[in-house]
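Novice: What follows is a structure written as structure tokens; I'll ask about it next.
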Amino acid sequence: MRRWRLVWLTVRFLVVRSVLGALRVGPKPDDKDVEIAVLCHQLAILQRRVRRPRFNDSDRLLLSTLARLLPRDRWAVFLVTPATLLRWHRELVRRHWTYPHRARRAGLPDETVELVCRLARENPRWGYMRIAGGCAKLGVNVSVSSVRNVLRRHRLGPAPRRGGPTWVEFLRSQASGVLACDFFSVETVSLQRLYVLFFIELGRRQVFLAGVTAHPDGRWTTQQARNLAISLDDDGRRFKFLIRDRDAKFVTSFDEVFASEGTRVIKTPVRSPRANAYAERFVGTARRECLDWVLILGRHHLERVLAEFVDHYNTARPHRGISLDAPIPLEPTGDTSRPVERVDRLGGVIHEYRRAA
């Protein structure tokens, strides 16, 4: 509407000037007036095609300067609003009186930044001051504000919102106080079925062979639990939890033995072997590496074979879950110049390698 009004006023002005010129009344319109009218009309056409024109810095400088030379009531000729012109002028003044920045101080060394980030990631409950104190203990002087800036720059929030342990770290920390038990059966040469009860520590994968019997009733199972509890108490070892399945051989007196030691018994869901995965994995390892290659003659023979295999499992066999270490690591020999010798166990079914004495 505003554009049509401007065009109409321009046409009326030119017509009136032409009529007055024909009657020789008033001044005759010159070429400059006609040129201004043409430019105004072309500008109105361009405004219809471009809704929002783009201005660069030089355009803003020129228009904001001309706005100071033109009366306020004539600002309607600008394509932008008066508020935009005033804002451009304020930005020009601000840039004109901006002083150069001072030289920045040298940042922290890369080693210090790496140390701060490492302490923050490995200790999510440490605050800024605790991290600064940990660095000072290591001979690295860093202020609390610098620690905060480093952590912000590396997207590490303040404690305790920095994040918790991963699932692997959480399970490993809990596994050190968890014990699991299970039965597995072995067929002898005479097709007699023997049952083996064992316990395994989830933290270091150490296996405790409880016993072998052909008739696993509640009294026998409870007695093996007492024997294990006495052995663990002599070694000063305590466990918070015991994981077992819902086998009928685990009677109430079996649970009471561990409850008296402060161990809580956790029963796995029905038909859920994965809930006791560590024990199930040991059964598979014992079969693949030992029992599938040996003919078992009787109970005493099975006890000797399993005792030999469990000793190998605890002291010599590497485990992926504990960084290829053994549950009970032996003292390594420092002399690597000694030749490597092979030790046969179970008649050569299992081979162990060590440095010669």
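Residue numbering restarts at 1 in every chain; chains get A, B, ... in the order shown in the structure tokens, and ligands count up from 1 in that same order.
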Quick one: residues within 9 Å of range 148-158 of chain A, only C-alpha atoms, excluding same-chain residues fewer than 5 positions away - as a PyMOL selection string?
Specialist: chain A and resi 113+116-117+120-121+124-128+143+163
Novice: With distances taken over only C-alpha atoms, which of A:Arg354, A:Arg244, A:Arg317, A:Arg304 is nearest to Thr285 in chain A?
Specialist: A:Arg317
Novice: CA of Pro71 in chain A and CA of Arg54 in chain A are how many Å apart?
Specialist: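 We find that CA of Pro71 in chain A and CA of Arg54 in chain A lie 24.4 Å from each other.
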Novice: Point out the residue among A:Ala214, A:Leu197, A:Ala159, A:Val340 with the least atom-to-atom distance to Phe250 in chain A, counting only C-alpha atoms.
Specialist: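 Of all the options, A:Leu197 lies closest to Phe250 in chain A.
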Novice: Using DSSP on the backbone coordinates, identify the residues of range 156-294 of chain A assigned to alpha helix (DSSP H); present them as a ChimeraX atom specification.
Specialist: /A:167-175,218-234,252-259,277-289
Novice: Go ahead and save the residues from that selection, with C-alpha atoms, as a PDB file, in the first residue's frame.
Specialist:
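What follows is the written file result31.pdb:
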```
ATOM      1  CA  TRP A 167      29.609 -51.051  33.199  1.00  0.00           C
ATOM      2  CA  VAL A 168      32.870 -52.981  32.919  1.00  0.00           C
ATOM      3  CA  GLU A 169      34.442 -51.011  35.777  1.00  0.00           C
ATOM      4  CA  PHE A 170      31.288 -51.373  37.879  1.00  0.00           C
ATOM      5  CA  LEU A 171      31.063 -55.131  37.384  1.00  0.00           C
ATOM      6  CA  ARG A 172      34.759 -55.605  38.082  1.00  0.00           C
ATOM      7  CA  SER A 173      34.526 -53.663  41.342  1.00  0.00           C
ATOM      8  CA  GLN A 174      31.513 -55.745  42.406  1.00  0.00           C
ATOM      9  CA  ALA A 175      32.997 -59.058  41.264  1.00  0.00           C
ATOM     10  CA  GLY A 218      21.692 -82.096  51.114  1.00  0.00           C
ATOM     11  CA  ARG A 219      23.933 -83.356  53.925  1.00  0.00           C
ATOM     12  CA  TRP A 220      26.924 -83.818  51.616  1.00  0.00           C
ATOM     13  CA  THR A 221      26.427 -80.393  50.013  1.00  0.00           C
ATOM     14  CA  THR A 222      26.166 -78.698  53.412  1.00  0.00           C
ATOM     15  CA  GLN A 223      29.365 -80.367  54.611  1.00  0.00           C
ATOM     16  CA  GLN A 224      31.266 -79.159  51.554  1.00  0.00           C
ATOM     17  CA  ALA A 225      29.998 -75.639  52.243  1.00  0.00           C
ATOM     18  CA  ARG A 226      31.335 -75.868  55.827  1.00  0.00           C
ATOM     19  CA  ASN A 227      34.717 -77.066  54.591  1.00  0.00           C
ATOM     20  CA  LEU A 228      34.965 -74.152  52.159  1.00  0.00           C
ATOM     21  CA  ALA A 229      33.856 -71.621  54.794  1.00  0.00           C
ATOM     22  CA  ILE A 230      36.542 -72.868  57.201  1.00  0.00           C
ATOM     23  CA  SER A 231      39.193 -72.698  54.469  1.00  0.00           C
ATOM     24  CA  LEU A 232      38.214 -69.144  53.485  1.00  0.00           C
ATOM     25  CA  ASP A 233      38.111 -68.035  57.116  1.00  0.00           C
ATOM     26  CA  ASP A 234      41.642 -69.349  57.669  1.00  0.00           C
ATOM     27  CA  THR A 252      18.400 -74.518  53.497  1.00  0.00           C
ATOM     28  CA  SER A 253      21.306 -75.631  55.686  1.00  0.00           C
ATOM     29  CA  PHE A 254      23.654 -74.930  52.753  1.00  0.00           C
ATOM     30  CA  ASP A 255      22.502 -71.302  52.641  1.00  0.00           C
ATOM     31  CA  GLU A 256      22.711 -70.987  56.436  1.00  0.00           C
ATOM     32  CA  VAL A 257      26.415 -71.855  56.375  1.00  0.00           C
ATOM     33  CA  PHE A 258      27.188 -68.827  54.215  1.00  0.00           C
ATOM     34  CA  ALA A 259      24.640 -66.625  55.974  1.00  0.00           C
ATOM     35  CA  ALA A 277      27.847 -67.284  33.433  1.00  0.00           C
ATOM     36  CA  TYR A 278      31.228 -67.478  35.197  1.00  0.00           C
ATOM     37  CA  ALA A 279      30.511 -70.910  36.627  1.00  0.00           C
ATOM     38  CA  GLU A 280      29.082 -72.146  33.329  1.00  0.00           C
ATOM     39  CA  ARG A 281      32.177 -70.937  31.509  1.00  0.00           C
ATOM     40  CA  PHE A 282      34.458 -72.846  33.855  1.00  0.00           C
ATOM     41  CA  VAL A 283      32.468 -76.035  33.202  1.00  0.00           C
ATOM     42  CA  GLY A 284      32.931 -75.586  29.461  1.00  0.00           C
ATOM     43  CA  THR A 285      36.662 -74.894  29.906  1.00  0.00           C
ATOM     44  CA  ALA A 286      37.136 -77.968  32.089  1.00  0.00           C
ATOM     45  CA  ARG A 287      35.433 -80.174  29.516  1.00  0.00           C
ATOM     46  CA  ARG A 288      37.171 -78.775  26.444  1.00  0.00           C
ATOM     47  CA  GLU A 289      40.674 -78.679  27.892  1.00  0.00           C
TER      48      GLU A 289
END
```
Novice: Env of Val212 in chain A: 12 Å cut, atoms = only C-alpha atoms, seq-sep filter 6 positions within chain, self excluded. Answer as a list in words.
Specialist: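 The neighbour list is Phe183, Phe184, Ser185, Val186, Arg193, Leu194, Tyr195, Val196, Leu197, Phe198, Trp220, Thr221, Gln224, Gly298, Arg299, His300, His301, Leu302, Glu303, Arg304, Val305, Leu306 and Ala307 of chain A.
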Novice: Go ahead and write the residues just picked, C-alpha atoms, as a PDB file, in the first residue's frame.
Specialist:
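Now in selection_1.pdb:
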```pdb
ATOM      1  CA  PHE A 183      27.365 -78.753  39.877  1.00  0.00           C
ATOM      2  CA  PHE A 184      28.403 -80.587  36.745  1.00  0.00           C
ATOM      3  CA  SER A 185      28.379 -84.290  35.972  1.00  0.00           C
ATOM      4  CA  VAL A 186      31.026 -86.602  34.528  1.00  0.00           C
ATOM      5  CA  ARG A 193      27.625 -90.652  36.784  1.00  0.00           C
ATOM      6  CA  LEU A 194      29.670 -88.553  39.206  1.00  0.00           C
ATOM      7  CA  TYR A 195      28.785 -85.061  40.383  1.00  0.00           C
ATOM      8  CA  VAL A 196      31.335 -82.316  40.952  1.00  0.00           C
ATOM      9  CA  LEU A 197      30.686 -79.311  43.199  1.00  0.00           C
ATOM     10  CA  PHE A 198      32.926 -76.297  42.719  1.00  0.00           C
ATOM     11  CA  TRP A 220      26.924 -83.818  51.616  1.00  0.00           C
ATOM     12  CA  THR A 221      26.427 -80.393  50.013  1.00  0.00           C
ATOM     13  CA  GLN A 224      31.266 -79.159  51.554  1.00  0.00           C
ATOM     14  CA  GLY A 298      36.185 -93.735  39.090  1.00  0.00           C
ATOM     15  CA  ARG A 299      35.659 -91.126  41.795  1.00  0.00           C
ATOM     16  CA  HIS A 300      39.236 -91.085  43.085  1.00  0.00           C
ATOM     17  CA  HIS A 301      40.590 -90.826  39.558  1.00  0.00           C
ATOM     18  CA  LEU A 302      38.275 -87.902  38.815  1.00  0.00           C
ATOM     19  CA  GLU A 303      39.335 -86.160  42.034  1.00  0.00           C
ATOM     20  CA  ARG A 304      43.009 -86.425  41.060  1.00  0.00           C
ATOM     21  CA  VAL A 305      42.393 -85.236  37.501  1.00  0.00           C
ATOM     22  CA  LEU A 306      40.298 -82.271  38.575  1.00  0.00           C
ATOM     23  CA  ALA A 307      42.733 -81.319  41.343  1.00  0.00           C
TER      24      ALA A 307
END
```
Novice: Run DSSP on the backbone and give me the residues of range 187-298 of chain A it puts in strand (DSSP E), as a list of chain:residue names.
Specialist: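 DSSP-assigned strand (DSSP E) residues in range 187-298 of chain A: A:Glu187, A:Arg193, A:Leu194, A:Tyr195, A:Val196, A:Leu197, A:Phe198, A:Phe199, A:Ile200, A:Glu201, A:Val207, A:Phe208, A:Leu209, A:Ala210, A:Gly211, A:Val212, A:Thr213, A:Phe241, A:Leu242, A:Ile243, A:Arg244, A:Arg264, A:Val265, A:Ile266, A:Lys267.
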Novice: CA of Gly134 in chain A and CA of Gly203 in chain A are how many Å apart?
Specialist: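 Separation between CA of Gly134 in chain A and CA of Gly203 in chain A: 28.8 Å.
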Novice: Of the candidates A:Arg205, A:His319, A:His312, A:Arg72, which shows the shortest atom-to-atom distance to His351 in chain A, using only C-alpha atoms?
Specialist: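 Ranked by minimum distance to His351 in chain A, first place goes to A:His312.
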Novice: Which one is closest to Gln192 in chain A: A:Leu69, A:Trp88, A:Arg246, A:Thr213? Count only C-alpha atoms.
Specialist: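 For Gln192 in chain A, the nearest of the given residues is A:Thr213.
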Novice: May I ask which of the residues A:Leu242, A:Leu86, A:Glu114, A:Pro329 is the closest one to Lys267 in chain A, counting only C-alpha atoms?
Specialist: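 Ranking A:Leu242, A:Leu86, A:Glu114, A:Pro329 by distance to Lys267 in chain A, first place goes to A:Leu242.
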